[in-house]
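Student: What follows is the file coords.csv, containing CSV, N, CA, C and O atoms:
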chain,number,residue,atom,x,y,z
A,1,VAL,N,-34.7,112.9,0.5
A,1,VAL,CA,-35.7,113.8,-0.1
A,1,VAL,C,-35.0,114.4,-1.4
A,1,VAL,O,-33.9,114.9,-1.3
A,2,HIS,N,-35.7,114.4,-2.5
A,2,HIS,CA,-35.2,115.0,-3.7
A,2,HIS,C,-35.5,116.5,-3.7
A,2,HIS,O,-36.4,116.9,-3.1
A,3,SER,N,-34.7,117.2,-4.4
A,3,SER,CA,-34.8,118.7,-4.4
A,3,SER,C,-36.2,119.1,-5.0
A,3,SER,O,-36.6,120.2,-4.7
A,4,SER,N,-36.8,118.2,-5.7
A,4,SER,CA,-38.1,118.6,-6.3
A,4,SER,C,-39.3,118.4,-5.3
A,4,SER,O,-40.4,118.9,-5.5
A,5,GLN,N,-39.0,117.7,-4.1
A,5,GLN,CA,-39.9,117.6,-3.1
A,5,GLN,C,-39.8,118.7,-2.1
A,5,GLN,O,-38.7,119.2,-1.9
A,6,TYR,N,-40.8,119.0,-1.4
A,6,TYR,CA,-40.7,120.0,-0.3
A,6,TYR,C,-41.7,119.7,0.8
A,6,TYR,O,-42.7,118.9,0.6
A,7,LEU,N,-41.4,120.3,1.9
A,7,LEU,CA,-42.3,120.3,3.1
A,7,LEU,C,-42.9,121.6,3.3
A,7,LEU,O,-42.2,122.6,3.3
A,8,GLU,N,-44.2,121.7,3.4
A,8,GLU,CA,-44.8,123.0,3.7
A,8,GLU,C,-44.3,123.5,5.1
A,8,GLU,O,-43.9,124.6,5.2
A,9,VAL,N,-44.4,122.6,6.1
A,9,VAL,CA,-44.1,123.0,7.4
A,9,VAL,C,-43.3,121.9,8.1
A,9,VAL,O,-43.6,120.8,8.0
A,10,LEU,N,-42.2,122.3,8.7
A,10,LEU,CA,-41.4,121.4,9.5
A,10,LEU,C,-41.4,122.0,10.9
A,10,LEU,O,-40.9,123.1,11.2
A,11,ASP,N,-42.2,121.4,11.8
A,11,ASP,CA,-42.4,121.8,13.2
A,11,ASP,C,-41.6,121.0,14.1
A,11,ASP,O,-41.9,119.9,14.4
A,12,LEU,N,-40.5,121.6,14.6
A,12,LEU,CA,-39.6,121.0,15.6
A,12,LEU,C,-39.7,121.7,16.9
A,12,LEU,O,-38.8,121.5,17.8
A,13,SER,N,-40.7,122.4,17.1
A,13,SER,CA,-40.9,123.2,18.4
A,13,SER,C,-40.9,122.3,19.6
A,13,SER,O,-41.3,121.2,19.5
A,14,GLU,N,-40.4,122.9,20.7
A,14,GLU,CA,-40.4,122.2,22.0
A,14,GLU,C,-39.7,120.9,22.0
A,14,GLU,O,-40.0,119.9,22.6
A,15,ASN,N,-38.5,120.8,21.2
A,15,ASN,CA,-37.8,119.6,21.1
A,15,ASN,C,-36.4,119.7,21.7
A,15,ASN,O,-35.6,118.8,21.6
A,16,ALA,N,-36.0,120.8,22.2
A,16,ALA,CA,-34.7,121.0,22.8
A,16,ALA,C,-33.6,120.5,21.9
A,16,ALA,O,-32.6,119.8,22.4
A,17,ILE,N,-33.6,120.9,20.7
A,17,ILE,CA,-32.6,120.5,19.7
A,17,ILE,C,-31.3,121.2,19.9
A,17,ILE,O,-30.2,120.8,19.5
A,18,LYS,N,-31.4,122.4,20.6
A,18,LYS,CA,-30.2,123.2,20.9
A,18,LYS,C,-29.4,123.6,19.7
A,18,LYS,O,-29.8,123.3,18.5
A,19,ASP,N,-28.2,124.2,19.9
A,19,ASP,CA,-27.4,124.6,18.8
A,19,ASP,C,-26.8,123.5,17.9
A,19,ASP,O,-26.8,123.6,16.7
A,20,SER,N,-26.5,122.4,18.6
A,20,SER,CA,-25.9,121.3,17.8
A,20,SER,C,-26.9,120.7,16.9
A,20,SER,O,-26.6,120.3,15.8
A,21,GLY,N,-28.2,120.6,17.3
A,21,GLY,CA,-29.3,120.1,16.4
A,21,GLY,C,-29.5,121.1,15.3
A,21,GLY,O,-29.8,120.6,14.1
A,22,VAL,N,-29.4,122.4,15.5
A,22,VAL,CA,-29.6,123.4,14.5
A,22,VAL,C,-28.5,123.2,13.4
A,22,VAL,O,-28.7,123.3,12.2
A,23,LYS,N,-27.3,123.0,13.9
A,23,LYS,CA,-26.2,122.8,13.0
A,23,LYS,C,-26.4,121.6,12.0
A,23,LYS,O,-26.2,121.7,10.8
A,24,HIS,N,-26.9,120.5,12.6
A,24,HIS,CA,-27.2,119.3,11.7
A,24,HIS,C,-28.4,119.6,10.8
A,24,HIS,O,-28.3,119.2,9.6
A,25,LEU,N,-29.4,120.3,11.3
A,25,LEU,CA,-30.5,120.6,10.5
A,25,LEU,C,-30.2,121.5,9.3
A,25,LEU,O,-30.6,121.3,8.2
A,26,THR,N,-29.3,122.5,9.5
A,26,THR,CA,-29.0,123.4,8.5
A,26,THR,C,-28.2,122.7,7.3
A,26,THR,O,-28.3,123.2,6.2
A,27,SER,N,-27.5,121.6,7.6
A,27,SER,CA,-26.8,120.9,6.6
A,27,SER,C,-27.8,120.2,5.6
A,27,SER,O,-27.4,120.0,4.4
A,28,ILE,N,-29.0,120.0,5.9
A,28,ILE,CA,-30.0,119.4,5.0
A,28,ILE,C,-31.2,120.3,4.7
A,28,ILE,O,-32.1,119.9,4.0
A,29,LEU,N,-31.2,121.5,5.2
A,29,LEU,CA,-32.3,122.4,5.0
A,29,LEU,C,-32.7,122.7,3.6
A,29,LEU,O,-33.8,122.6,3.2
A,30,ASN,N,-31.7,122.9,2.7
A,30,ASN,CA,-31.9,123.1,1.3
A,30,ASN,C,-32.5,121.9,0.6
A,30,ASN,O,-33.4,122.0,-0.2
A,31,GLU,N,-32.1,120.7,1.0
A,31,GLU,CA,-32.6,119.5,0.4
A,31,GLU,C,-34.0,119.3,0.8
A,31,GLU,O,-34.8,118.7,0.0
A,32,LEU,N,-34.4,119.7,2.0
A,32,LEU,CA,-35.8,119.5,2.4
A,32,LEU,C,-36.8,120.5,1.7
A,32,LEU,O,-38.0,120.2,1.7
A,33,ALA,N,-36.2,121.6,1.3
A,33,ALA,CA,-37.1,122.7,0.7
A,33,ALA,C,-38.3,123.0,1.6
A,33,ALA,O,-39.4,123.0,1.1
A,34,VAL,N,-38.0,123.3,2.8
A,34,VAL,CA,-39.0,123.7,3.8
A,34,VAL,C,-39.5,125.1,3.5
A,34,VAL,O,-38.7,126.0,3.4
A,35,LYS,N,-40.8,125.3,3.6
A,35,LYS,CA,-41.3,126.7,3.4
A,35,LYS,C,-41.5,127.4,4.8
A,35,LYS,O,-41.3,128.5,4.9
A,36,THR,N,-41.9,126.6,5.8
A,36,THR,CA,-42.1,127.2,7.2
A,36,THR,C,-41.3,126.3,8.1
A,36,THR,O,-41.5,125.0,8.2
A,37,LEU,N,-40.4,126.9,8.9
A,37,LEU,CA,-39.6,126.1,9.9
A,37,LEU,C,-39.9,126.7,11.3
A,37,LEU,O,-39.7,127.9,11.6
A,38,ASP,N,-40.5,125.8,12.2
A,38,ASP,CA,-40.8,126.3,13.5
A,38,ASP,C,-39.8,125.7,14.5
A,38,ASP,O,-39.8,124.4,14.7
A,39,LEU,N,-39.0,126.5,15.0
A,39,LEU,CA,-38.0,126.1,16.0
A,39,LEU,C,-38.2,126.8,17.4
A,39,LEU,O,-37.3,127.1,18.1
A,40,SER,N,-39.4,127.1,17.7
A,40,SER,CA,-39.7,127.8,18.9
A,40,SER,C,-39.5,126.8,20.1
A,40,SER,O,-39.7,125.6,20.0
A,41,SER,N,-39.1,127.4,21.2
A,41,SER,CA,-38.8,126.6,22.4
A,41,SER,C,-37.9,125.4,22.2
A,41,SER,O,-38.1,124.3,22.7
A,42,CYS,N,-36.8,125.7,21.5
A,42,CYS,CA,-35.8,124.6,21.2
A,42,CYS,C,-34.4,124.8,21.9
A,42,CYS,O,-33.5,124.2,21.5
A,43,GLU,N,-34.4,125.8,22.8
A,43,GLU,CA,-33.1,126.1,23.6
A,43,GLU,C,-32.0,126.5,22.6
A,43,GLU,O,-30.8,126.1,22.8
A,44,ILE,N,-32.3,127.3,21.6
A,44,ILE,CA,-31.3,127.8,20.7
A,44,ILE,C,-30.7,129.1,21.2
A,44,ILE,O,-31.5,130.0,21.6
A,45,SER,N,-29.4,129.2,21.1
A,45,SER,CA,-28.7,130.4,21.6
A,45,SER,C,-28.2,131.1,20.3
A,45,SER,O,-28.5,130.8,19.2
A,46,ASP,N,-27.3,132.1,20.6
A,46,ASP,CA,-26.7,132.8,19.5
A,46,ASP,C,-26.0,132.0,18.5
A,46,ASP,O,-26.2,132.2,17.3
A,47,GLN,N,-25.3,130.9,18.9
A,47,GLN,CA,-24.6,130.1,17.9
A,47,GLN,C,-25.6,129.4,17.0
A,47,GLN,O,-25.3,129.3,15.8
A,48,GLY,N,-26.7,128.9,17.5
A,48,GLY,CA,-27.7,128.3,16.6
A,48,GLY,C,-28.2,129.3,15.6
A,48,GLY,O,-28.5,128.9,14.5
A,49,ALA,N,-28.5,130.5,16.1
A,49,ALA,CA,-29.0,131.5,15.2
A,49,ALA,C,-27.9,131.8,14.1
A,49,ALA,O,-28.3,132.1,12.9
A,50,ILE,N,-26.6,131.8,14.5
A,50,ILE,CA,-25.6,132.0,13.5
A,50,ILE,C,-25.6,130.9,12.4
A,50,ILE,O,-25.4,131.1,11.3
A,51,TYR,N,-25.7,129.7,12.9
A,51,TYR,CA,-25.8,128.5,12.0
A,51,TYR,C,-27.0,128.8,11.0
A,51,TYR,O,-26.9,128.5,9.8
A,52,LEU,N,-28.1,129.2,11.5
A,52,LEU,CA,-29.3,129.4,10.7
A,52,LEU,C,-29.0,130.5,9.7
A,52,LEU,O,-29.4,130.4,8.5
A,53,ALA,N,-28.4,131.6,10.1
A,53,ALA,CA,-28.1,132.7,9.2
A,53,ALA,C,-27.2,132.3,8.1
A,53,ALA,O,-27.4,132.6,6.9
A,54,GLU,N,-26.2,131.4,8.4
A,54,GLU,CA,-25.3,130.9,7.3
A,54,GLU,C,-26.1,130.1,6.3
A,54,GLU,O,-25.9,130.2,5.1
A,55,ALA,N,-27.0,129.2,6.8
A,55,ALA,CA,-27.8,128.4,5.9
A,55,ALA,C,-28.7,129.2,5.1
A,55,ALA,O,-29.0,128.9,3.9
A,56,LEU,N,-29.2,130.3,5.6
A,56,LEU,CA,-30.2,131.1,4.9
A,56,LEU,C,-29.5,131.9,3.7
A,56,LEU,O,-30.2,132.4,2.9
A,57,LYS,N,-28.2,132.0,3.7
A,57,LYS,CA,-27.5,132.7,2.6
A,57,LYS,C,-27.8,132.0,1.3
A,57,LYS,O,-27.8,132.6,0.3
A,58,THR,N,-28.0,130.7,1.3
A,58,THR,CA,-28.2,129.9,0.1
A,58,THR,C,-29.6,129.3,0.0
A,58,THR,O,-29.9,128.7,-1.0
A,59,ASN,N,-30.4,129.5,1.0
A,59,ASN,CA,-31.7,128.9,1.0
A,59,ASN,C,-32.7,129.9,0.3
A,59,ASN,O,-32.9,131.0,0.8
A,60,THR,N,-33.4,129.4,-0.7
A,60,THR,CA,-34.4,130.2,-1.4
A,60,THR,C,-35.8,129.8,-1.2
A,60,THR,O,-36.8,130.4,-1.6
A,61,LYS,N,-36.0,128.7,-0.4
A,61,LYS,CA,-37.3,128.1,-0.2
A,61,LYS,C,-38.0,128.6,1.1
A,61,LYS,O,-39.2,128.7,1.1
A,62,LEU,N,-37.2,128.8,2.1
A,62,LEU,CA,-37.8,129.1,3.4
A,62,LEU,C,-38.5,130.5,3.4
A,62,LEU,O,-37.9,131.5,3.0
A,63,MET,N,-39.8,130.5,3.7
A,63,MET,CA,-40.5,131.8,3.7
A,63,MET,C,-40.8,132.3,5.1
A,63,MET,O,-41.1,133.4,5.3
A,64,LYS,N,-40.9,131.3,6.1
A,64,LYS,CA,-41.3,131.7,7.5
A,64,LYS,C,-40.4,130.9,8.4
A,64,LYS,O,-40.3,129.7,8.4
A,65,LEU,N,-39.7,131.7,9.4
A,65,LEU,CA,-38.9,131.1,10.4
A,65,LEU,C,-39.4,131.5,11.7
A,65,LEU,O,-39.5,132.7,12.0
A,66,ILE,N,-39.8,130.6,12.6
A,66,ILE,CA,-40.3,130.9,13.9
A,66,ILE,C,-39.3,130.5,15.0
A,66,ILE,O,-38.9,129.3,15.1
A,67,LEU,N,-38.9,131.5,15.7
A,67,LEU,CA,-37.8,131.3,16.7
A,67,LEU,C,-38.2,131.8,18.1
A,67,LEU,O,-37.3,131.9,19.0
A,68,ASN,N,-39.5,132.0,18.4
A,68,ASN,CA,-39.8,132.5,19.7
A,68,ASN,C,-39.5,131.5,20.8
A,68,ASN,O,-39.4,130.3,20.6
A,69,ASP,N,-39.3,132.1,22.0
A,69,ASP,CA,-39.0,131.4,23.2
A,69,ASP,C,-37.7,130.6,23.2
A,69,ASP,O,-37.7,129.4,23.6
A,70,ASN,N,-36.7,131.2,22.6
A,70,ASN,CA,-35.4,130.6,22.6
A,70,ASN,C,-34.4,131.5,23.4
A,70,ASN,O,-34.9,132.4,24.1
A,71,GLU,N,-33.2,131.3,23.4
A,71,GLU,CA,-32.2,132.0,24.1
A,71,GLU,C,-31.3,132.8,23.2
A,71,GLU,O,-30.1,133.0,23.5
A,72,ILE,N,-31.8,133.3,22.1
A,72,ILE,CA,-31.0,134.1,21.1
A,72,ILE,C,-30.8,135.5,21.6
A,72,ILE,O,-31.8,136.2,21.9
A,73,GLY,N,-29.5,135.9,21.7
A,73,GLY,CA,-29.2,137.2,22.2
A,73,GLY,C,-28.9,138.1,21.0
A,73,GLY,O,-29.2,137.8,19.9
A,74,ASN,N,-28.2,139.2,21.3
A,74,ASN,CA,-27.9,140.2,20.3
A,74,ASN,C,-27.1,139.7,19.1
A,74,ASN,O,-27.3,140.0,18.0
A,75,ASN,N,-26.0,138.9,19.4
A,75,ASN,CA,-25.2,138.4,18.3
A,75,ASN,C,-25.9,137.5,17.4
A,75,ASN,O,-25.8,137.7,16.2
A,76,GLY,N,-26.8,136.6,17.9
A,76,GLY,CA,-27.6,135.8,17.0
A,76,GLY,C,-28.6,136.5,16.2
A,76,GLY,O,-28.8,136.3,15.0
A,77,ALA,N,-29.3,137.5,16.9
A,77,ALA,CA,-30.3,138.3,16.3
A,77,ALA,C,-29.6,139.2,15.2
A,77,ALA,O,-30.2,139.3,14.1
A,78,ASN,N,-28.5,139.7,15.5
A,78,ASN,CA,-27.8,140.5,14.4
A,78,ASN,C,-27.4,139.7,13.2
A,78,ASN,O,-27.5,140.2,12.1
A,79,SER,N,-26.9,138.5,13.4
A,79,SER,CA,-26.6,137.6,12.3
A,79,SER,C,-27.8,137.3,11.4
A,79,SER,O,-27.7,137.4,10.2
A,80,LEU,N,-28.9,137.0,12.1
A,80,LEU,CA,-30.1,136.8,11.3
A,80,LEU,C,-30.6,138.1,10.6
A,80,LEU,O,-31.0,138.0,9.5
A,81,SER,N,-30.6,139.2,11.3
A,81,SER,CA,-31.0,140.4,10.8
A,81,SER,C,-30.2,140.8,9.5
A,81,SER,O,-30.7,141.3,8.5
A,82,ASP,N,-28.9,140.6,9.6
A,82,ASP,CA,-28.0,140.9,8.5
A,82,ASP,C,-28.3,140.1,7.2
A,82,ASP,O,-28.4,140.7,6.2
A,83,ILE,N,-28.6,138.8,7.4
A,83,ILE,CA,-28.9,138.0,6.2
A,83,ILE,C,-30.3,138.2,5.7
A,83,ILE,O,-30.5,138.1,4.5
A,84,LEU,N,-31.2,138.6,6.6
A,84,LEU,CA,-32.6,138.9,6.2
A,84,LEU,C,-32.8,140.3,5.9
A,84,LEU,O,-34.0,140.7,5.5
A,85,ASN,N,-31.8,141.1,5.9
A,85,ASN,CA,-31.9,142.6,5.6
A,85,ASN,C,-33.0,143.3,6.5
A,85,ASN,O,-33.8,144.0,6.0
A,86,LEU,N,-32.9,143.0,7.8
A,86,LEU,CA,-33.9,143.6,8.7
A,86,LEU,C,-33.4,144.8,9.5
A,86,LEU,O,-34.1,145.2,10.4
A,87,ASN,N,-32.3,145.2,9.1
A,87,ASN,CA,-31.7,146.4,9.9
A,87,ASN,C,-32.5,147.6,9.7
A,87,ASN,O,-33.0,148.0,8.8
Could I get this file's structure written as structure tokens?
Tutor:
Amino acid sequence: VHSSQYLEVLDLSENAIKDSGVKHLTSILNELAVKTLDLSSCEISDQGAIYLAEALKTNTKLMKLILNDNEIGNNGANSLSDILNLN
């Protein structure tokens, strides 16, 4: 995918991609230029949320991130909150 191309929605919900899948996804997230990313019910824990937070430091395209029904605890939520300025 060229940087001029984008996806409105990337729906990976209910796919059990877990933290390792999130790590791989974040390595190409900027290239995909996704506007909405749905990772609900993907068995993501704190580490996956931390991977996402790191990727979001340089991502300017993502407007909506859906993470409901995962296993994200305080550490992962705090990492996302810090990068999204939700404190």
Student: Quick one, how far is atom C of A:Ala77 from atom C of A:Glu54?
Tutor: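 So the answer is 13.2 Å.
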Student: By how many Å are atom CA of A:Asn30 and atom CA of A:Ile72 apart?
Tutor: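 Atom-to-atom, atom CA of A:Asn30 to atom CA of A:Ile72, that is 22.7 Å.
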Student: So what do you get for atom CA of A:Gly73 versus atom CA of A:Leu52, distance-wise?
Tutor: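 That distance, rounded to one decimal, is 13.9 Å.
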Student: Find the residues near A:Lys18: any atom within 8 Å, counting only N, CA, C and O atoms, skip ones fewer than 2 places away on the same chain, and give them as a list of chain:residue names.
Tutor: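 The residues satisfying every condition are A:Leu12, A:Asn15, A:Ala16, A:Ser20, A:Gly21, A:Val22, A:Lys23, A:His24, A:Leu25, A:Leu39, A:Ser41, A:Cys42, A:Glu43, A:Ile44, A:Ser45, A:Gln47, A:Gly48, A:Ala49.
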Student: Applying 9 Å and only C-alpha atoms, which residues near A:Val9 remain after dropping the ones on its own chain fewer than 2 positions away? List them as a list of chain:residue names.
Tutor: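 Residues meeting the cut-off are A:Tyr6, A:Leu7, A:Asp11, A:Val34, A:Lys35, A:Thr36, A:Leu37, A:Asp38.
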Student: Can you tell me which residues surround A:Asp46 at a distance of at most 8 Å, considering all atoms listed in the file, apart from same-chain residues fewer than 5 positions away, and format the answer as a list of chain:residue names?
Tutor: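 Listed by chain and then number, they are A:Asp19, A:Tyr51, A:Leu52, A:Ala53, A:Asn70, A:Glu71, A:Ile72, A:Gly73, A:Asn74, A:Asn75, A:Gly76, A:Ala77, A:Ser79, A:Leu80.
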Student: May I ask which of the residues A:Glu8, A:Ile17, A:Ser40, A:Leu29 is the closest one to A:Ile66, counting only C-alpha atoms?
Tutor: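 Ranked by minimum distance to A:Ile66, first place goes to A:Ser40.
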Student: Running DSSP on the backbone, which parts of stretch 1-57 of chain A land in strand (DSSP E), as a list of chain:residue names?
Tutor: A:Leu7, A:Glu8, A:Val9, A:Leu10, A:Asp11, A:Val34, A:Lys35, A:Thr36, A:Leu37, A:Asp38
Student: Taking only chain A into account, list the residues labelled helix (DSSP H, G or I) by DSSP (computed from the backbone), as an MDAnalysis selection string.
Tutor: chainID A and resid 18:32 46:56 74:84
